[in-house]
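Structure record follows, encoded as structure tokens.
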Number of protein chains: 2
Amino acid sequence: MERTCGNGTLRLADAGKKVTLIGWVQRRRNFGALVFIDLRDRSGLVQVVFDETLSDSIKDVRSEYILQVTGTVVERKEANPKMETGEIEVHAEAVKIINSAATPPIMISDDTDALEDTRLKYRYLDLRRPSLQKILMTRHKVCMITRKTLDSMGFVEVETPILARSTPEGARDYLVPSRLYNGKFWALPQSPQIYKQLLMIGGMEKYFQIARCFRDEDLRADRQPTFTQIDVEMSFVDENDVFAVVEKLMQAIFMEIRGYKVEDHFVRMTWDECMKRYGSDKPDLRYGYEIQNIGEIFADTDFTVFRTVLDSNGEVDAVKFDQAASRYSRKKLDELQEFIKHNFRAKALAWLKMEKGELSGSIVKAISDAEKQALIEKLAITDDDLVLIVADKPHVAETALGALRIRLAHELDRLPKEETYKFLWVTDFPMFEWDEEEQRWQAAHHPFTAPRVNDINELFTDPEHVMSRAYDLVLNGYEQLSGSIRIYDQNMQEKVFESIGMTMEQAQQKFGFFLEAFKYGTPPHGGFAIGLERLIMVLCGTDNIRDVVAFPTNNSAVDLMSDSPNVVDQAQLDILGLSINKKD
Amino acid sequence: MERTCGNGTLRLADAGKKVTLIGWVQRRRNFGALVFIDLRDRSGLVQVVFDETLSDSIKDVRSEYILQVTGTVVERKEANPKMETGEIEVHAEAVKIINSAATPPIMISDDTDALEDTRLKYRYLDLRRPSLQKILMTRHKVCMITRKTLDSMGFVEVETPILARSTPEGARDYLVPSRLYNGKFWALPQSPQIYKQLLMIGGMEKYFQIARCFRDEDLRADRQPTFTQIDVEMSFVDENDVFAVVEKLMQAIFMEIRGYKVEDHFVRMTWDECMKRYGSDKPDLRYGYEIQNIGEIFADTDFTVFRTVLDSNGEVDAVKFDQAASRYSRKKLDELQEFIKHNFRAKALAWLKMEKGELSGSIVKAISDAEKQALIEKLAITDDDLVLIVADKPHVAETALGALRIRLAHELDRLPKEETYKFLWVTDFPMFEWDEEEQRWQAAHHPFTAPRVNDINELFTDPEHVMSRAYDLVLNGYEQLSGSIRIYDQNMQEKVFESIGMTMEQAQQKFGFFLEAFKYGTPPHGGFAIGLERLIMVLCGTDNIRDVVAFPTNNSAVDLMSDSPNVVDQAQLDILGLSINKKD
């Protein structure tokens, strides 16, 4: 079909040109004998003017009709600064109706007020919105940049199976019944983890894949049953090699998509340091407000609250917020205390304010002048500063203050005004976490992660303090990437399974073929996965995961457009040899 | 880990260089005090020589151990022309054993004699074979070229859902039980067909995806339960626009991968012409041997066999093979007759030979001298020519001779000796095919394919002769691509459903949301899908589909490596509310 250019590409320089356009009618306005139509295609909108000679041809034309228009580009008398093509319009000389349209059930516009569920039901109409189209194009661009960058570094993209074996470790698998083998099932992969490690054993050396993953997890607003990750694995590497690949990739993506130069090398911090300084394993480094351990000041305190905490191996921690004392009333401070009591089981929040040279606050009477002076010096407290203090078990004190740090930075509007991306490598995560329900240690990352070399001897004697060679990449307070250096020794792998209470028999049953593979010359290897949806959300500035997926499910994991999942014919169940047990 | 270059990259020009290499031991040979080890990595093999100073360090080293070696590149006294690095070797000065290896259960070499099922069980070892690694790298390159080429033409890659709605039209769906909605199921998509059409309705204009597809079909040697297709859809196009995209893509792929210049524009032929000239809808154009209708010559024949066939609307067709008469004995010709009787239900094969100026053969006594003379002239029969003739129903005569054409071209070794790629567009396929079992017309392509404009009125009156706007791209006798211009009008879509015996109610139940989508301004659109595995097979010159898939299933649709599909825990079935009916 003839078409000379995209509607949204026309500019003043095109004035005088004859063009043929195709597009959807965004809106129609009649002004006496003239009809104005905004015609939309993937490239944008342009205003087309029809005079009375064409009025008959377009008398039925309404929103979302598709037109092919030939006409001349003309400078507008009055430019519309809200439209990218606002300096010109097209005076139609011929028009053809390509297709008609019933009245759409939702308004196709970025300021639509339709409910999200309605928009999801008519997703094919919602996708006509310029903002959604732009996000999908950005997603495509990010994938193109990723592939180009990794390819240039010698990585080979390999497709791993979608019909895989169920490995009931971690999240729940989606199962696929086999028709040929009654009673047997495939599982959709939660990630290509085992396959990418097998590719390393297979000598591929550098693998990547933009991979579809599947986890049948419980509903949460920001989750989709399926998601996509940039999945990478490399042989003969340590953390430095892996980090260099990621840094180069992020530099390319943020430069090409945002025009933003990220650092050549990202800051690194151990998990332990993160917790101590920021009370979080994914701290937002766009602002300060670091946690300071002020226990030393109260080493010999008479204040019984601090005394008791310190004597039972607890911590007294503080964060200072400048220019904040006057912003936090007693009522607001009470709210902060409720917040940490409720979310972190902290016992209490203490606070101090410096106002007009005078220290006031909840504990001002309980602590000595010397302690006050030491505090003022250590925290460099000046006028209008607010100090929040939590004395509690170390983990509680740190995480509570970490959460207050984030809350106050936002309430005080202390985030940088200009676009800022602060990357952070968090390393040396705990190897295990205690599973209260099952009363056993679980792999904190996954059971293929290597322990830190110096910690290997403590695998069984002191699992709580064994750190792993796992790492996360954190961006502005959100985890963007997770990965690790893997175990490459069969004995070590068996030891780790044992340390999480898996018998050799269970390990063999679940991962037997994988353990077997380690025997035949496994290279040292490591890798990572980047959550693609979250990365696109950051790059496009949206908080809604459904904005970055072409055909998402709603919050209840239902595809409202195709109404799936749905019932199937009895015949389909019969050939699978399945029957459904009605649940109550 | 230190590593200065790939093992397979070293050449004579590197002689004198100090290098550090990493790799797997391909083989070890002891010659007195010297040990020769071929060290393999992804880039290839190099010979490393260890003298007595290192003999202790490598005394345990066997096949598939991983070594890190530092040494000097030295010119070999006698070059090994079979190795790409055969002009040099590396004299080791230091060695480190990175990992040991048990004796592998299969020989890791391109001339391995292990059974395919054993190689599939140890796929991670089989993948170390250079030929398999090369194929996976070619597959990656083809995907890179495809994405680059399509992106440069304005196509946007969009991921469509893997958890989709079951559409029991066409092949069998893989089902995925929903845990949250007891008794409901997702289906894995047989192709992104509906989603890509919805993306056109959504205004995406140019879509592509290298897409995973799933069909639970019956076993066949060259099938995998899952496969990948290069999936494309475009709005506001006709066949010419679509073909131009494909031709550009194929040019790029064949040039970059094979260094082969394919034609700027591929030959086009209607399905009808293909059948008449080649007896196949996917003719191999690398050789001639066209079918000729010789019915006219026998318009008034006395030969009752031809007479009867012609009187009952049959055809008398012939193919001439030059330099073939002396190669086909009576016995061989009988075999050819059995071949077409058995495979095409042809009644008989007639044949004529021209030898030393004399015509002989099965029908030489039954036909008149005038008929012989006319035959000699029409087919330009000369010495040593063999003419095969089938008189039968048109479809039978054509397909039987089409099959003989292929068989004799191979038996006579008439395929071009140099690498040759002959592309052909086949167009105007029949819209419907008769389903004997269900006694109704079925969509030959899929029910979203547009009928040829001139044939629309015959949809119900003469479905057999309605041709569609479907097209295939054929390469050297194999279908590489299938596509069509789609229906974009709701009424037409409903008519086509009706013509294949689907009631409006059934259509609504199966495709309701899709039919609804057509209401709101659907652009004219069309597209195609290229089977990626088949394309890679052609480019890599393998007949085995499992060679082009990293982790394939065997001929029985079983993944022997992970032993899946497999049984799952009862608990997993319980949370899905499913039970298994034992089949006998």
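In the structure tokens, each chain is lettered A, B, ... as it comes, each chain's residues begin at 1, and ligands are numbered from 1 in order of appearance.
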Find the residues around B:Gln442 up to 7 Å (only C-alpha atoms counted), leave out those fewer than 4 positions away in its own chain, and share them as a PyMOL selection string. chain B and resi 432-435+500
If you count only C-alpha atoms, which residues fall within 8 Å of B:Met561, apart from same-chain ones fewer than 6 positions away, as a ChimeraX atom specification? /A:513 /B:120-123
Hey, can you spit out that residue selection with N, CA, C and O atoms as an mmCIF file, in the first residue's frame?
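See out-v7.cif below for the written result:
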```cif
data_model
loop_
_atom_site.group_PDB
_atom_site.id
_atom_site.type_symbol
_atom_site.label_atom_id
_atom_site.label_comp_id
_atom_site.auth_asym_id
_atom_site.auth_seq_id
_atom_site.Cartn_x
_atom_site.Cartn_y
_atom_site.Cartn_z
ATOM 1 N N PHE A 513 21.536 -36.401 37.334
ATOM 2 C CA PHE A 513 22.239 -36.247 36.056
ATOM 3 C C PHE A 513 23.176 -35.051 36.107
ATOM 4 O O PHE A 513 24.209 -35.025 35.452
ATOM 5 N N LEU B 120 22.953 -38.534 23.572
ATOM 6 C CA LEU B 120 21.926 -37.636 24.101
ATOM 7 C C LEU B 120 21.884 -37.681 25.624
ATOM 8 O O LEU B 120 21.647 -36.667 26.277
ATOM 9 N N LYS B 121 22.137 -38.851 26.186
ATOM 10 C CA LYS B 121 22.163 -38.958 27.649
ATOM 11 C C LYS B 121 23.297 -38.106 28.214
ATOM 12 O O LYS B 121 23.146 -37.454 29.244
ATOM 13 N N TYR B 122 24.436 -38.115 27.544
ATOM 14 C CA TYR B 122 25.587 -37.320 27.980
ATOM 15 C C TYR B 122 25.748 -36.112 27.057
ATOM 16 O O TYR B 122 26.836 -35.819 26.587
ATOM 17 N N ARG B 123 24.650 -35.448 26.817
ATOM 18 C CA ARG B 123 24.661 -34.346 25.853
ATOM 19 C C ARG B 123 25.742 -33.322 26.199
ATOM 20 O O ARG B 123 26.385 -32.756 25.323
#
```
A:Val396 environment, 9 Å, only C-alpha atoms, sequence neighbours closer than 6 positions dropped, as a PyMOL selection string: chain A and resi 279+344-346+390
Contacts of A:Tyr328 at 10 Å (only C-alpha atoms; same-chain gap of 6+ positions) as a list of chain:residue names: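 Using only C-alpha atoms, the neighbours found are A:Asp334, A:Leu336, A:Lys353, A:Leu386, A:Leu408, A:Leu412.
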Requested write-out: N, CA and C atoms of the selected residues, as a tab-separated table (two decimals), in the first residue's frame:
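Output saved as selection_16.tsv:
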```
chain	number	residue	atom	x	y	z
A	334	ASP	N	6.04	9.67	66.33
A	334	ASP	CA	5.30	8.52	66.85
A	334	ASP	C	4.92	7.58	65.70
A	336	LEU	N	6.60	7.19	62.98
A	336	LEU	CA	7.81	6.47	62.58
A	336	LEU	C	8.05	5.30	63.53
A	353	LYS	N	16.69	16.05	68.70
A	353	LYS	CA	16.65	17.19	67.77
A	353	LYS	C	17.60	18.25	68.27
A	386	LEU	N	17.98	16.12	62.86
A	386	LEU	CA	17.18	15.12	63.56
A	386	LEU	C	17.98	13.83	63.61
A	408	LEU	N	12.54	8.65	55.15
A	408	LEU	CA	12.78	10.08	55.36
A	408	LEU	C	13.40	10.75	54.13
A	412	LEU	N	11.49	13.85	52.90
A	412	LEU	CA	12.22	15.13	52.91
A	412	LEU	C	12.58	15.57	51.48
```
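Each of B:Ser55, B:Thr72, B:Asn457, B:Thr228 was checked against chain A using only C-alpha atoms; the smallest atom-to-atom distance is that of B:Thr228.
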